[in-house]
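model.cif (mmCIF, C-alpha atoms)
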```cif
data_start
#
loop_
_atom_site.label_atom_id
_atom_site.label_comp_id
_atom_site.auth_asym_id
_atom_site.auth_seq_id
_atom_site.Cartn_x
_atom_site.Cartn_y
_atom_site.Cartn_z
CA MET A 624 183.63 -81.43 6.88
CA SER A 625 181.53 -84.24 8.21
CA GLY A 626 177.94 -84.14 7.03
CA PHE A 627 178.15 -80.63 5.60
CA VAL A 628 177.19 -80.32 1.94
CA ASP A 629 176.76 -76.84 0.52
CA GLU A 630 176.25 -77.63 -3.17
CA ALA A 631 175.06 -80.48 -5.37
CA VAL A 632 174.07 -81.05 -8.98
CA VAL A 633 170.96 -83.18 -9.42
CA ASP A 634 168.97 -84.45 -12.39
CA VAL A 635 165.24 -83.77 -12.21
CA ASN A 636 162.41 -85.01 -14.42
CA SER A 637 158.81 -83.90 -14.43
CA GLY A 638 156.16 -86.50 -15.23
CA LYS A 639 154.69 -87.28 -18.63
CA GLY A 640 150.99 -86.59 -19.09
CA GLY A 641 148.78 -89.67 -19.18
CA PRO A 642 147.16 -90.67 -22.49
CA GLY A 643 143.50 -90.05 -23.16
CA ALA A 644 141.24 -93.09 -23.49
CA VAL A 645 139.49 -94.47 -26.56
CA SER A 646 136.20 -95.83 -25.24
CA PHE A 647 132.53 -96.11 -26.21
CA ARG A 648 129.44 -96.36 -24.12
CA ARG A 649 128.24 -99.91 -23.75
CA GLU A 650 124.91 -99.66 -22.00
CA LYS A 651 121.94 -101.99 -22.28
CA PHE A 652 119.61 -99.35 -23.67
CA ALA A 653 122.22 -97.49 -25.72
CA PRO A 654 123.69 -100.03 -28.14
CA ARG A 655 125.07 -97.25 -30.30
CA GLY A 656 126.47 -95.18 -27.45
CA GLY A 657 128.89 -92.45 -28.33
CA PRO A 658 132.56 -92.04 -27.36
CA ASP A 659 133.19 -91.66 -23.65
CA GLY A 660 136.97 -91.82 -23.30
CA GLY A 661 138.30 -89.74 -20.39
CA ASP A 662 141.37 -87.49 -20.38
CA GLY A 663 144.79 -88.52 -19.15
CA GLY A 664 146.07 -87.14 -15.88
CA LYS A 665 148.67 -84.37 -15.69
CA GLY A 666 152.26 -85.40 -15.04
CA GLY A 667 153.79 -84.55 -11.68
CA ASP A 668 155.80 -81.33 -11.20
CA VAL A 669 159.32 -80.92 -9.83
CA VAL A 670 158.96 -78.80 -6.70
CA PHE A 671 161.48 -77.26 -4.29
CA ARG A 672 160.27 -76.86 -0.72
CA VAL A 673 162.09 -74.78 1.91
CA LYS A 674 162.42 -76.42 5.34
CA ASN A 675 163.76 -74.38 8.26
CA ASN A 676 164.89 -77.48 10.13
CA LEU A 677 167.40 -78.36 7.39
CA LYS A 678 170.86 -76.84 7.72
CA THR A 679 172.78 -78.48 4.87
CA LEU A 680 172.19 -80.19 1.52
CA SER A 681 173.32 -83.56 2.86
CA ASN A 682 170.02 -85.12 1.73
CA LEU A 683 171.25 -84.58 -1.85
CA ARG A 684 174.60 -86.26 -1.26
CA HIS A 685 173.41 -89.74 -2.26
CA LYS A 686 170.18 -89.11 -4.13
CA LYS A 687 171.11 -87.42 -7.40
CA THR A 688 167.96 -88.03 -9.47
CA PHE A 689 164.38 -86.98 -8.76
CA ASN A 690 161.53 -88.25 -10.94
CA ALA A 691 157.98 -87.00 -10.74
CA GLU A 692 155.29 -89.58 -11.44
CA ASN A 693 153.69 -89.84 -14.88
CA GLY A 694 150.01 -89.02 -15.20
CA HIS A 695 147.60 -91.97 -15.28
CA SER A 696 145.56 -92.96 -18.34
CA GLY A 697 142.00 -91.86 -18.80
CA THR A 698 139.29 -94.51 -18.75
CA GLY A 699 135.75 -95.03 -20.05
CA THR A 700 132.64 -93.19 -18.90
CA LYS A 701 134.66 -89.99 -19.25
CA LYS A 702 136.74 -90.69 -16.16
CA ASN A 703 139.95 -88.68 -16.16
CA GLY A 704 143.20 -90.26 -15.13
CA LYS A 705 144.83 -89.41 -11.83
CA ALA A 706 147.54 -86.75 -11.84
CA GLY A 707 151.09 -87.94 -11.19
CA GLN A 708 152.69 -87.22 -7.82
CA ASP A 709 155.13 -84.32 -7.65
CA ALA A 710 158.83 -84.81 -7.00
CA VAL A 711 159.39 -82.65 -3.92
CA ILE A 712 162.97 -81.68 -3.09
CA GLU A 713 163.38 -80.25 0.41
CA VAL A 714 166.15 -77.68 0.91
CA PRO A 715 167.28 -75.39 3.75
CA PRO A 716 166.75 -71.61 3.84
CA GLY A 717 169.43 -69.80 1.87
CA THR A 718 169.29 -72.17 -1.11
CA ILE A 719 169.96 -70.85 -4.58
CA LEU A 720 169.23 -72.74 -7.81
CA LYS A 721 171.70 -72.27 -10.66
CA ASP A 722 172.39 -73.46 -14.18
CA PRO A 723 175.19 -76.02 -13.71
CA GLU A 724 176.96 -74.96 -16.91
CA THR A 725 176.77 -71.16 -16.78
CA ASP A 726 176.33 -70.71 -12.99
CA GLU A 727 173.50 -68.28 -13.79
CA ILE A 728 170.97 -67.95 -10.98
CA ILE A 729 167.64 -69.52 -11.92
CA LYS A 730 165.85 -68.92 -8.61
CA ASP A 731 166.86 -67.53 -5.24
CA LEU A 732 164.80 -69.45 -2.69
CA THR A 733 165.84 -67.19 0.19
CA GLU A 734 162.60 -65.27 -0.32
CA LEU A 735 160.53 -68.30 0.68
CA SER A 736 159.37 -69.06 4.21
CA ASP A 737 159.21 -72.42 5.97
CA ASN A 738 157.21 -75.00 3.94
CA GLU A 739 156.75 -72.64 0.99
CA GLU A 740 157.23 -74.23 -2.42
CA TRP A 741 158.38 -73.21 -5.86
CA VAL A 742 157.60 -75.22 -9.00
CA PHE A 743 160.71 -75.64 -11.13
CA LEU A 744 159.40 -77.96 -13.88
CA LYS A 745 155.75 -78.51 -14.71
CA GLY A 746 154.54 -81.96 -15.63
CA GLY A 747 153.21 -82.74 -19.10
CA LYS A 748 149.56 -82.10 -19.83
CA GLY A 749 147.33 -85.16 -20.07
CA GLY A 750 145.97 -86.18 -23.47
CA LEU A 751 142.32 -85.69 -24.39
CA GLY A 752 140.06 -88.74 -24.60
CA ASN A 753 138.11 -89.57 -27.73
CA SER A 754 134.97 -88.01 -26.26
CA HIS A 755 136.40 -84.62 -27.28
CA PHE A 756 136.66 -85.52 -30.98
CA ALA A 757 133.12 -86.53 -31.87
CA THR A 758 131.53 -84.44 -34.62
CA SER A 759 128.35 -84.63 -36.64
CA VAL A 760 130.38 -86.18 -39.43
CA LYS A 761 132.58 -88.47 -37.34
CA GLN A 762 130.49 -89.68 -34.45
CA ALA A 763 132.72 -92.55 -33.38
CA PRO A 764 136.34 -91.29 -33.34
CA ARG A 765 138.80 -94.08 -32.57
CA TYR A 766 141.72 -91.94 -31.49
CA ALA A 767 142.75 -89.94 -28.42
CA GLN A 768 145.72 -87.73 -27.62
CA PRO A 769 148.85 -89.07 -26.00
CA GLY A 770 150.02 -87.12 -22.98
CA LEU A 771 152.65 -84.43 -23.45
CA PRO A 772 156.16 -85.36 -22.33
CA GLY A 773 157.72 -84.13 -19.12
CA ILE A 774 160.88 -82.02 -18.94
CA SER A 775 164.33 -83.22 -17.90
CA ARG A 776 167.06 -80.91 -16.60
CA ALA A 777 170.14 -80.84 -14.47
CA ILE A 778 170.24 -78.14 -11.82
CA LYS A 779 172.85 -76.92 -9.36
CA VAL A 780 171.56 -76.55 -5.82
CA GLU A 781 173.75 -74.25 -3.76
CA LEU A 782 173.47 -73.29 -0.11
CA SER A 783 174.55 -69.81 0.84
CA VAL A 784 174.51 -69.07 4.55
CA ILE A 785 172.34 -66.09 5.40
CA ALA A 786 173.51 -63.92 8.30
CA ASP A 787 173.39 -60.29 9.31
CA ILE A 788 177.04 -60.21 10.39
CA GLY A 789 179.85 -62.58 9.49
CA PHE A 790 182.86 -63.23 11.72
CA VAL A 791 186.08 -63.26 9.68
CA GLY A 792 189.50 -64.16 11.02
CA PHE A 793 192.36 -66.62 11.07
CA PRO A 794 191.98 -69.92 12.91
CA ASN A 795 192.13 -69.43 16.70
CA ALA A 796 191.22 -65.73 16.48
CA GLY A 797 188.31 -66.39 18.85
CA LYS A 798 185.36 -66.44 16.44
CA SER A 799 183.77 -69.61 17.79
CA THR A 800 184.26 -68.57 21.40
CA LEU A 801 182.63 -65.19 20.78
CA LEU A 802 179.73 -66.73 18.88
CA ASN A 803 179.07 -69.18 21.70
CA ARG A 804 179.21 -66.36 24.28
CA LEU A 805 176.71 -64.18 22.43
CA THR A 806 174.27 -66.75 21.07
CA ASN A 807 172.76 -70.20 21.42
CA ALA A 808 175.28 -71.67 18.98
CA ASN A 809 177.44 -74.67 19.80
CA SER A 810 180.47 -73.95 17.65
CA LYS A 811 183.41 -76.11 18.67
CA ALA A 812 186.46 -74.24 19.91
CA ALA A 813 189.99 -75.56 20.52
CA SER A 814 193.62 -74.45 20.37
CA TYR A 815 194.44 -75.93 16.98
CA PRO A 816 193.80 -74.66 13.43
CA PHE A 817 190.58 -75.35 11.56
CA THR A 818 188.56 -76.41 14.58
CA THR A 819 185.56 -74.90 12.80
CA LYS A 820 185.01 -76.84 9.59
CA ILE A 821 181.49 -75.72 8.75
CA PRO A 822 179.77 -72.33 9.09
CA HIS A 823 177.95 -71.95 12.41
CA LEU A 824 175.01 -69.61 12.95
CA GLY A 825 173.68 -68.13 16.16
CA VAL A 826 170.89 -65.71 17.06
CA CYS A 827 171.71 -62.67 19.19
CA ARG A 828 169.14 -60.28 20.69
CA ILE A 829 170.43 -56.73 20.36
CA SER A 830 167.28 -54.90 21.42
CA ARG A 831 163.88 -55.69 22.83
CA ASP A 832 162.41 -56.22 19.37
CA ARG A 833 165.45 -57.08 17.28
CA ASP A 834 167.32 -60.35 16.78
CA ILE A 835 170.23 -60.71 14.40
CA ILE A 836 171.96 -63.77 12.97
CA LEU A 837 175.72 -64.07 13.45
CA ALA A 838 177.84 -66.43 11.36
CA ASP A 839 181.17 -67.96 12.30
CA ILE A 840 182.86 -68.47 8.93
CA PRO A 841 185.61 -71.16 9.00
CA GLY A 842 189.17 -69.83 9.32
CA ILE A 843 190.78 -68.15 6.35
CA ILE A 844 194.51 -68.36 5.74
CA GLU A 845 196.81 -66.61 3.32
CA GLY A 846 196.17 -68.04 -0.14
CA ALA A 847 192.58 -69.08 0.66
CA SER A 848 191.23 -67.39 -2.47
CA GLN A 849 193.53 -69.66 -4.51
CA GLY A 850 192.45 -72.79 -2.66
CA ALA A 851 194.84 -72.98 0.30
CA GLY A 852 193.57 -74.43 3.58
CA LEU A 853 189.81 -74.68 3.38
CA GLY A 854 190.17 -72.57 0.22
CA ILE A 855 187.17 -70.84 -1.28
CA LYS A 856 184.88 -73.52 0.13
CA PHE A 857 183.26 -71.05 2.52
CA LEU A 858 184.32 -67.63 1.26
CA LYS A 859 181.15 -67.50 -0.83
CA HIS A 860 179.05 -67.61 2.33
CA ILE A 861 180.38 -64.22 3.40
CA ASN A 862 178.78 -62.68 0.30
CA ARG A 863 175.32 -62.77 1.85
CA THR A 864 176.17 -61.01 5.11
CA ASN A 865 175.30 -57.36 5.66
CA GLY A 866 178.49 -56.55 7.54
CA LEU A 867 181.81 -58.12 8.56
CA LEU A 868 183.49 -58.36 11.93
CA PHE A 869 187.25 -58.94 11.55
CA LEU A 870 188.67 -60.70 14.59
CA ILE A 871 192.41 -60.19 15.14
CA ASP A 872 194.26 -62.20 17.80
CA LEU A 873 196.31 -59.53 19.60
CA SER A 874 198.49 -62.21 21.21
CA ASP A 875 199.69 -63.47 17.82
CA GLU A 876 203.12 -62.19 16.81
CA LYS A 877 201.87 -61.37 13.29
CA TYR A 878 198.74 -59.56 14.43
CA LEU A 879 199.68 -56.29 12.65
CA GLU A 880 199.68 -58.09 9.29
CA SER A 881 196.50 -60.08 9.82
CA PHE A 882 193.96 -57.51 8.67
CA ASP A 883 195.80 -56.79 5.39
CA ILE A 884 196.04 -60.51 4.61
CA LEU A 885 192.39 -61.14 5.39
CA LEU A 886 191.23 -58.15 3.35
CA ASN A 887 193.41 -59.21 0.43
CA GLU A 888 191.96 -62.73 0.43
CA LEU A 889 188.40 -61.41 0.49
CA GLY A 890 189.15 -58.91 -2.28
CA SER A 891 190.77 -61.61 -4.44
CA PHE A 892 187.63 -63.68 -4.15
CA SER A 893 185.10 -60.87 -4.60
CA GLY A 894 185.51 -57.12 -4.84
CA GLU A 895 182.08 -56.73 -3.26
CA LEU A 896 183.33 -58.17 0.03
CA VAL A 897 185.84 -55.40 0.72
CA SER A 898 183.15 -52.74 0.35
CA LYS A 899 180.87 -54.21 3.03
CA PRO A 900 180.57 -52.33 6.34
CA ARG A 901 183.27 -53.66 8.70
CA VAL A 902 184.71 -53.36 12.17
CA ILE A 903 187.98 -54.77 13.54
CA LEU A 904 187.91 -56.51 16.91
CA GLY A 905 191.22 -57.10 18.65
CA THR A 906 190.66 -60.22 20.77
CA LYS A 907 192.20 -61.71 23.92
CA THR A 908 192.85 -58.38 25.65
CA ASP A 909 193.10 -60.28 28.95
CA ILE A 910 196.58 -61.49 27.89
CA GLU A 911 199.54 -59.42 29.03
CA GLY A 912 200.85 -57.01 26.40
CA THR A 913 197.71 -56.94 24.28
CA GLU A 914 196.60 -53.47 25.42
CA GLU A 915 199.73 -52.02 23.81
CA ALA A 916 199.15 -54.21 20.76
CA LEU A 917 195.63 -52.79 20.41
CA GLU A 918 196.96 -49.22 20.39
CA LEU A 919 199.54 -50.13 17.71
CA LEU A 920 196.78 -51.69 15.64
CA LYS A 921 194.75 -48.48 15.86
CA GLU A 922 197.78 -46.45 14.81
CA ARG A 923 198.38 -48.67 11.79
CA TYR A 924 194.77 -48.42 10.60
CA PRO A 925 193.56 -44.95 11.61
CA ASN A 926 190.61 -45.04 9.21
CA GLU A 927 189.18 -48.30 10.57
CA LYS A 928 186.83 -48.78 13.52
CA ILE A 929 188.86 -50.84 15.99
CA TYR A 930 187.83 -52.13 19.43
CA GLY A 931 189.31 -54.53 21.92
CA ILE A 932 187.49 -57.41 23.64
CA SER A 933 188.13 -60.38 25.85
CA VAL A 934 185.56 -63.15 26.01
CA PHE A 935 187.48 -64.57 28.98
CA ASP A 936 186.93 -61.63 31.32
CA GLY A 937 184.13 -59.81 29.42
CA ASN A 938 186.19 -56.71 28.66
CA GLY A 939 184.66 -54.70 25.80
CA LEU A 940 181.63 -56.95 25.31
CA GLU A 941 179.32 -54.15 26.47
CA ASN A 942 180.18 -52.26 23.26
CA LEU A 943 179.15 -55.06 20.90
CA ASN A 944 175.55 -53.96 20.40
CA LYS A 945 176.72 -50.52 19.31
CA ILE A 946 179.16 -52.22 16.95
CA PHE A 947 176.48 -54.51 15.54
CA PHE A 948 174.12 -51.60 14.92
CA SER A 949 176.88 -49.70 13.10
CA LEU A 950 177.41 -52.69 10.80
CA LEU A 951 173.70 -52.91 10.13
CA ASP A 952 173.46 -49.15 9.56
CA GLU A 953 171.22 -48.83 12.59
CA PRO A 954 172.14 -45.72 14.62
CA ARG A 955 170.68 -46.99 17.88
CA ALA A 956 171.85 -49.08 20.76
CA GLY A 957 170.01 -51.82 22.55
CA LYS A 958 170.22 -54.27 25.32
CA SER A 959 173.30 -56.47 25.62
CA CYS A 960 173.29 -59.88 23.96
#
```
Is it possible to express this structure as structure tokens?
Amino acid sequence: MSGFVDEAVVDVNSGKGGPGAVSFRREKFAPRGGPDGGDGGKGGDVVFRVKNNLKTLSNLRHKKTFNAENGHSGTGTKKNGKAGQDAVIEVPPGTILKDPETDEIIKDLTELSDNEEWVFLKGGKGGLGNSHFATSVKQAPRYAQPGLPGISRAIKVELSVIADIGFVGFPNAGKSTLLNRLTNANSKAASYPFTTKIPHLGVCRISRDRDIILADIPGIIEGASQGAGLGIKFLKHINRTNGLLFLIDLSDEKYLESFDILLNELGSFSGELVSKPRVILGTKTDIEGTEEALELLKERYPNEKIYGISVFDGNGLENLNKIFFSLLDEPRAGKSC
């Protein structure tokens, strides 16, 4: 899974507020000048910034600690100290922040647009200088406030792929090939298992004013929910899709069992997955004998929506927009992808 990182735990620290200054006016014509100590600067915040050009959390693979700068000290003549610089952590769209111990969601950053920020930890407030503490009784206070401390926390940063429709199927079912045909994706395809080792996304235009995001989820095998093959590494990404497209290789000798196995693995991981809108696509209908296999598949699952396609010769691809709209609960058809 070269270069793909979909979760990381990092330590973050906001900055301490700068101390206020103890200072007195020393001017030629004011030998008994009053206190003029400035306030300390505010400590830097810990900020998460969403960047659309990022696709993984690989920038957090090596850097595990982020420290905001401490606020600067106040000085004389009531000059306030400079605020500390923020610690800005850039993350891709689809990032979720969680408590590393309880896995409770702290913030879902999917609601943010490109370059939008969210402050996780605020820096400490700067201390007041001695100019704030002069009274009629005590006109020359010799103390100032220290800055308030920053906050330190560990946080789990998790990437969850966002897509309208997720492609689910065993290795070599044709998910990557279909994604490449319909979109601008460059998902690698080959005739051996686990060619796809990271989720791939592609944009497909299904009507004049509607684009949808399709996701090729890496191949699932029997026992995936218990850690077999690529295990649950990418099953969690399917959670955020609106609908599922099950791709069944009609040329495989075990094609009649495939859907049950896939559905069982999804259900073992999350009951929510099996209730998502779904359609079954029987693939590779250009191969001899697959037309009969498609009919047997429909007989076995009479309550499922089942269609046949071949990316090789284009058979059935004209129905895909209708299928996509049904998964998105959109009762309208549009122009072909």
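Take the candidates A:Ala916, A:Ile910, A:Leu889, A:Ala767 and check each one against Leu751 of chain A using only C-alpha atoms; the shortest distance goes to A:Ala767.
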* Applied to the shown file, which residues does the PyMOL selection byres ((chain A and resi 737-743) around 12) return, written as a count of residues only? -> 44
* Could you tell me how far atom CA of Asp875 of chain A lies from atom CA of Asn803 of chain A, in Å and to one decimal? => 21.7 Å
Sort by chain and increasing residue number a table of all residues of segment 729-829 of chain A within 10 Å of segment 935-943 of chain A, each with its closest pair of atoms and their distance in Å to one decimal, counting all atoms listed in the file, and write it as a Markdown table.
```
| residue | atom | partner | partner_atom | distance |
| --- | --- | --- | --- | --- |
| A:Thr800 | CA | A:Phe935 | CA | 9.2 |
| A:Leu801 | CA | A:Leu940 | CA | 9.5 |
| A:Arg804 | CA | A:Gly937 | CA | 9.7 |
| A:Leu805 | CA | A:Leu940 | CA | 9.2 |
| A:Ile829 | CA | A:Leu943 | CA | 8.9 |
```
Let's have the selection written as an mmCIF file, in the coordinates of the input, with C-alpha atoms.
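Output below, filename result.cif:
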```cif
data_model
loop_
_atom_site.group_PDB
_atom_site.id
_atom_site.type_symbol
_atom_site.label_atom_id
_atom_site.label_comp_id
_atom_site.auth_asym_id
_atom_site.auth_seq_id
_atom_site.Cartn_x
_atom_site.Cartn_y
_atom_site.Cartn_z
ATOM 1 C CA THR A 800 184.260 -68.570 21.400
ATOM 2 C CA LEU A 801 182.630 -65.190 20.780
ATOM 3 C CA ARG A 804 179.210 -66.360 24.280
ATOM 4 C CA LEU A 805 176.710 -64.180 22.430
ATOM 5 C CA ILE A 829 170.430 -56.730 20.360
#
```
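In this structure, atom CA of Ser874 of chain A sits 23.3 Å away from atom CA of Ala838 of chain A.
Among A:Lys701, A:Gly663, A:Gly640, A:Lys928, the residue with the shortest atom-to-atom distance to Lys945 of chain A, counting all atoms listed in the file, is A:Lys928.
Using all atoms listed in the file, the smallest distance between any of A:Leu771, A:Val780, A:Leu896, A:Ile932 and Lys798 of chain A comes from A:Ile932.
Closest approach to Gly699 of chain A among A:Gly657, A:Gly747, A:Gly931, A:Pro723 is made by A:Gly657 (distances from all atoms listed in the file).
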* Run the PyMOL selection byres ((chain A and resi 692) around 7) on the file and write out the hits as a list of chain:residue names. => A:Gly638, A:Gly666, A:Gly667, A:Asn690, A:Ala691, A:Asn693, A:Gly694, A:Gly707, A:Gln708, A:Asp709
Just the selected residues (C-alpha atoms), exported as a CSV table (one decimal), in the frame of the given file, please.
```
chain,number,residue,atom,x,y,z
A,638,GLY,CA,156.2,-86.5,-15.2
A,666,GLY,CA,152.3,-85.4,-15.0
A,667,GLY,CA,153.8,-84.6,-11.7
A,690,ASN,CA,161.5,-88.2,-10.9
A,691,ALA,CA,158.0,-87.0,-10.7
A,693,ASN,CA,153.7,-89.8,-14.9
A,694,GLY,CA,150.0,-89.0,-15.2
A,707,GLY,CA,151.1,-87.9,-11.2
A,708,GLN,CA,152.7,-87.2,-7.8
A,709,ASP,CA,155.1,-84.3,-7.6
```
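Taking atom CA of Glu724 of chain A as the reference point, atom CA of Asn862 of chain A is found at 21.2 Å.
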